[in-house]
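**Student:** There's a structure below that I have some questions on.
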Amino acid sequence: MSEFPYTPLTGKIGKYFDKIQEVAVPNKVDSNWLKSVGFKSGNDTYVLRIWRFIGFIDNSGVPTDFWREYKNPKEAKKVLAKAIMQGYQELFATYPDAYKKDKETLYAFFSSKSGKAKSVINKMVTTFINLCNLADFEGVALEPSGKPEEKEGEGARKIPPIPQGVTLNVNIQLTLPATDDASVYDKIFKALKEHLLSRS
């Protein structure tokens with residue numbers, strides 16, 4: 001069964017993320033650090049699981065690139081969207097627009113995947129919704145690898161890389177001018193050789 005994070009203090013999720021932007025990047029994020037920045041309740045420690053789940057801290061509590069990038073207010077919402085999509089890969093693989101789904105749909109998903117009690121699942125759903133409310137998913141898509149990418153424009157799509165060992169052949173068709181001067185053809189083919197066959 002899958003494990004999804006939650007906090008009984010869903011109303012404070014925004015405050016936890018605000019604190020990231022307010023203070024310097026810590027060496028380690030743990031219960032002691034939470035207390036040092038004003039989160040002294042035992043229930044505040046639930047946010048550690050959330051941050052770990054979406055990749056803001058690693059398993060040792062060390063802040064990641066997501067944490068540091070989130071400190072930039074202009075990029076914060078996009079950064080959080082990427083982190084949420086990466087953490088909740090299983091959910092977004094089922095519902096690419098999971099952040100738009102209603103509580104009933106999300107409840108059904110978390111219930112089927114986690115097998116937890118109703119009260120816990122409700123907290124999972126509310127936690128996810130509150131996280132999404134802080135993020136901006138516009139233009140962010142999930143790659144087949146499960147990693148989010150930013151689209152560069154309306155309808156933009158990423159061209160998959162060519163696998164190693166695959167030979168790519170390109171056929172070029174030219175319409176040559178009708179002329180009796182053979183030197184014209186010589187110049188054309190010379191230019192083709194220089195531009196198409198030369199190596200950088």
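A note on labels: chains of the structure tokens are A, B, ... as shown, every chain counts residues from 1, and ligands are counted from 1 in their shown order.
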Counting only C-alpha atoms, what is within 7 Å of region 3-10 of chain A, bar same-chain residues fewer than 2 positions away, as a list in words?

**Tutor:**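 Those residues are Met1, Lys12, Ile13, Asn43, Tyr46, Val47, Arg49, Ile50, Phe53, Ser114, Lys123, Met124, Thr126, Thr127 and Asn130 of chain A.
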
**Student:** For the selection you just gave me, I'd like the residues written to a file as an mmCIF file, in the first residue's frame, keeping C-alpha atoms.

**Tutor:**
```cif
data_model
loop_
_atom_site.group_PDB
_atom_site.id
_atom_site.type_symbol
_atom_site.label_atom_id
_atom_site.label_comp_id
_atom_site.auth_asym_id
_atom_site.auth_seq_id
_atom_site.Cartn_x
_atom_site.Cartn_y
_atom_site.Cartn_z
ATOM 1 C CA MET A 1 0.000 0.000 0.000
ATOM 2 C CA LYS A 12 -1.050 25.997 8.982
ATOM 3 C CA ILE A 13 0.415 24.571 5.763
ATOM 4 C CA ASN A 43 1.598 18.208 15.565
ATOM 5 C CA TYR A 46 3.849 16.299 10.594
ATOM 6 C CA VAL A 47 5.060 18.878 8.080
ATOM 7 C CA ARG A 49 6.808 14.156 6.341
ATOM 8 C CA ILE A 50 5.167 16.452 3.807
ATOM 9 C CA PHE A 53 7.449 13.420 0.482
ATOM 10 C CA SER A 114 -3.486 3.569 1.309
ATOM 11 C CA LYS A 123 -6.545 14.562 6.296
ATOM 12 C CA MET A 124 -4.570 13.265 3.287
ATOM 13 C CA THR A 126 -7.220 18.155 2.792
ATOM 14 C CA THR A 127 -3.419 18.259 3.007
ATOM 15 C CA ASN A 130 -4.058 22.913 0.722
#
```

**Student:** Could you pull the residues within 9 Å of Ile57 (chain A), counting only C-alpha atoms, minus those fewer than 4 positions along the same chain, as a VMD selection string?

**Tutor:** chain A and resid 28 to 29 48 51 to 53 61 to 67

**Student:** Keeping N, CA and C atoms for every residue in the selection just given, could you write it to a file as a short mmCIF file (atom, residue, chain, number, x, y, z; two decimals), in the first residue's frame?

**Tutor:**
```
data_model
loop_
_atom_site.label_atom_id
_atom_site.label_comp_id
_atom_site.auth_asym_id
_atom_site.auth_seq_id
_atom_site.Cartn_x
_atom_site.Cartn_y
_atom_site.Cartn_z
N LYS A 28 19.87 21.58 8.59
CA LYS A 28 19.02 20.41 8.75
C LYS A 28 17.65 20.85 9.25
N VAL A 29 16.61 20.23 8.71
CA VAL A 29 15.24 20.55 9.10
C VAL A 29 14.70 19.39 9.94
N LEU A 48 7.18 17.74 8.45
CA LEU A 48 8.45 17.14 8.03
C LEU A 48 8.20 16.02 7.03
N TRP A 51 7.25 17.68 3.66
CA TRP A 51 8.42 18.21 2.95
C TRP A 51 9.29 17.09 2.39
N ARG A 52 9.41 16.00 3.15
CA ARG A 52 10.21 14.88 2.67
C ARG A 52 9.54 14.21 1.47
N PHE A 53 8.22 14.09 1.54
CA PHE A 53 7.45 13.42 0.48
C PHE A 53 7.54 14.16 -0.84
N GLY A 61 16.87 15.10 6.33
CA GLY A 61 16.37 16.41 6.74
C GLY A 61 17.12 17.57 6.14
N VAL A 62 18.01 17.29 5.19
CA VAL A 62 18.79 18.35 4.56
C VAL A 62 17.97 18.99 3.44
N PRO A 63 17.85 20.32 3.44
CA PRO A 63 17.09 21.00 2.39
C PRO A 63 17.64 20.72 0.99
N THR A 64 16.75 20.54 0.03
CA THR A 64 17.14 20.24 -1.34
C THR A 64 17.05 21.50 -2.20
N ASP A 65 17.25 21.33 -3.51
CA ASP A 65 17.14 22.45 -4.45
C ASP A 65 15.72 23.02 -4.44
N PHE A 66 14.72 22.16 -4.28
CA PHE A 66 13.34 22.64 -4.22
C PHE A 66 13.19 23.67 -3.09
N TRP A 67 13.76 23.36 -1.94
CA TRP A 67 13.68 24.26 -0.79
C TRP A 67 14.31 25.61 -1.12
#
```

**Student:** Any idea what's packed within 7 Å of Lys78 (chain A), counting only C-alpha atoms, ignoring anything in its chain fewer than 2 positions away? Could you give it as a PyMOL selection string?

**Tutor:** chain A and resi 75-76+80-82+135-137

**Student:** Counting only C-alpha atoms, which of A:Val37, A:Lys118, A:Val125, A:Leu134 gets nearest to Tyr70 (chain A)?

**Tutor:** A:Leu134

**Student:** Fewer than 3 positions away in the same chain doesn't count, so skip those; otherwise give me all residues within 9 Å of Gln21 (chain A), counting only C-alpha atoms, as a PyMOL selection string.

**Tutor:** chain A and resi 17-18+24-25+68+70-73

**Student:** How would the residues just chosen look if you wrote them out with N, CA and C atoms as a tab-separated table (two decimals), in the first residue's frame?

**Tutor:**
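Okay, this is what ended up in out_8.tsv:
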```
chain	number	residue	atom	x	y	z
A	17	PHE	N	5.22	27.02	4.75
A	17	PHE	CA	5.93	27.38	3.52
A	17	PHE	C	6.35	28.84	3.53
A	18	ASP	N	5.58	29.70	4.18
A	18	ASP	CA	5.98	31.10	4.31
A	18	ASP	C	7.31	31.19	5.07
A	24	ALA	N	16.81	31.89	6.82
A	24	ALA	CA	17.93	31.35	6.05
A	24	ALA	C	17.78	29.84	5.88
A	25	VAL	N	18.41	29.31	4.85
A	25	VAL	CA	18.35	27.87	4.61
A	25	VAL	C	19.10	27.15	5.73
A	68	ARG	N	15.51	25.55	-1.70
A	68	ARG	CA	16.23	26.79	-2.01
A	68	ARG	C	15.54	27.59	-3.10
A	70	TYR	N	12.42	27.59	-3.74
A	70	TYR	CA	11.15	28.11	-3.23
A	70	TYR	C	11.33	29.45	-2.53
A	71	LYS	N	12.52	29.78	-2.12
A	71	LYS	CA	12.77	31.04	-1.44
A	71	LYS	C	12.59	32.24	-2.37
A	72	ASN	N	12.60	32.00	-3.66
A	72	ASN	CA	12.38	33.06	-4.64
A	72	ASN	C	10.87	33.24	-4.82
A	73	PRO	N	10.29	34.33	-4.31
A	73	PRO	CA	8.84	34.52	-4.37
A	73	PRO	C	8.27	34.45	-5.79
```

**Student:** Out of A:Gly11, A:Glu69, A:Asp186, A:Phe109, which residue has the shortest atom-to-atom distance to Thr94 (chain A) when counting only C-alpha atoms?

**Tutor:**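 Closest to Thr94 (chain A) of all the choices is A:Phe109.
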
**Student:** Hey, which of A:Ser60, A:Ser36, A:Ser119, A:Ser111 ends up closest to Leu91 (chain A)? Count only C-alpha atoms.

**Tutor:** A:Ser111

**Student:** Ranking A:Val140, A:Ala108, A:Asn133, A:Ala117 by minimum distance to Pro96 (chain A) and counting only C-alpha atoms, which one comes first?

**Tutor:**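 Of A:Val140, A:Ala108, A:Asn133, A:Ala117, the one nearest Pro96 (chain A), counting only C-alpha atoms, is A:Val140.
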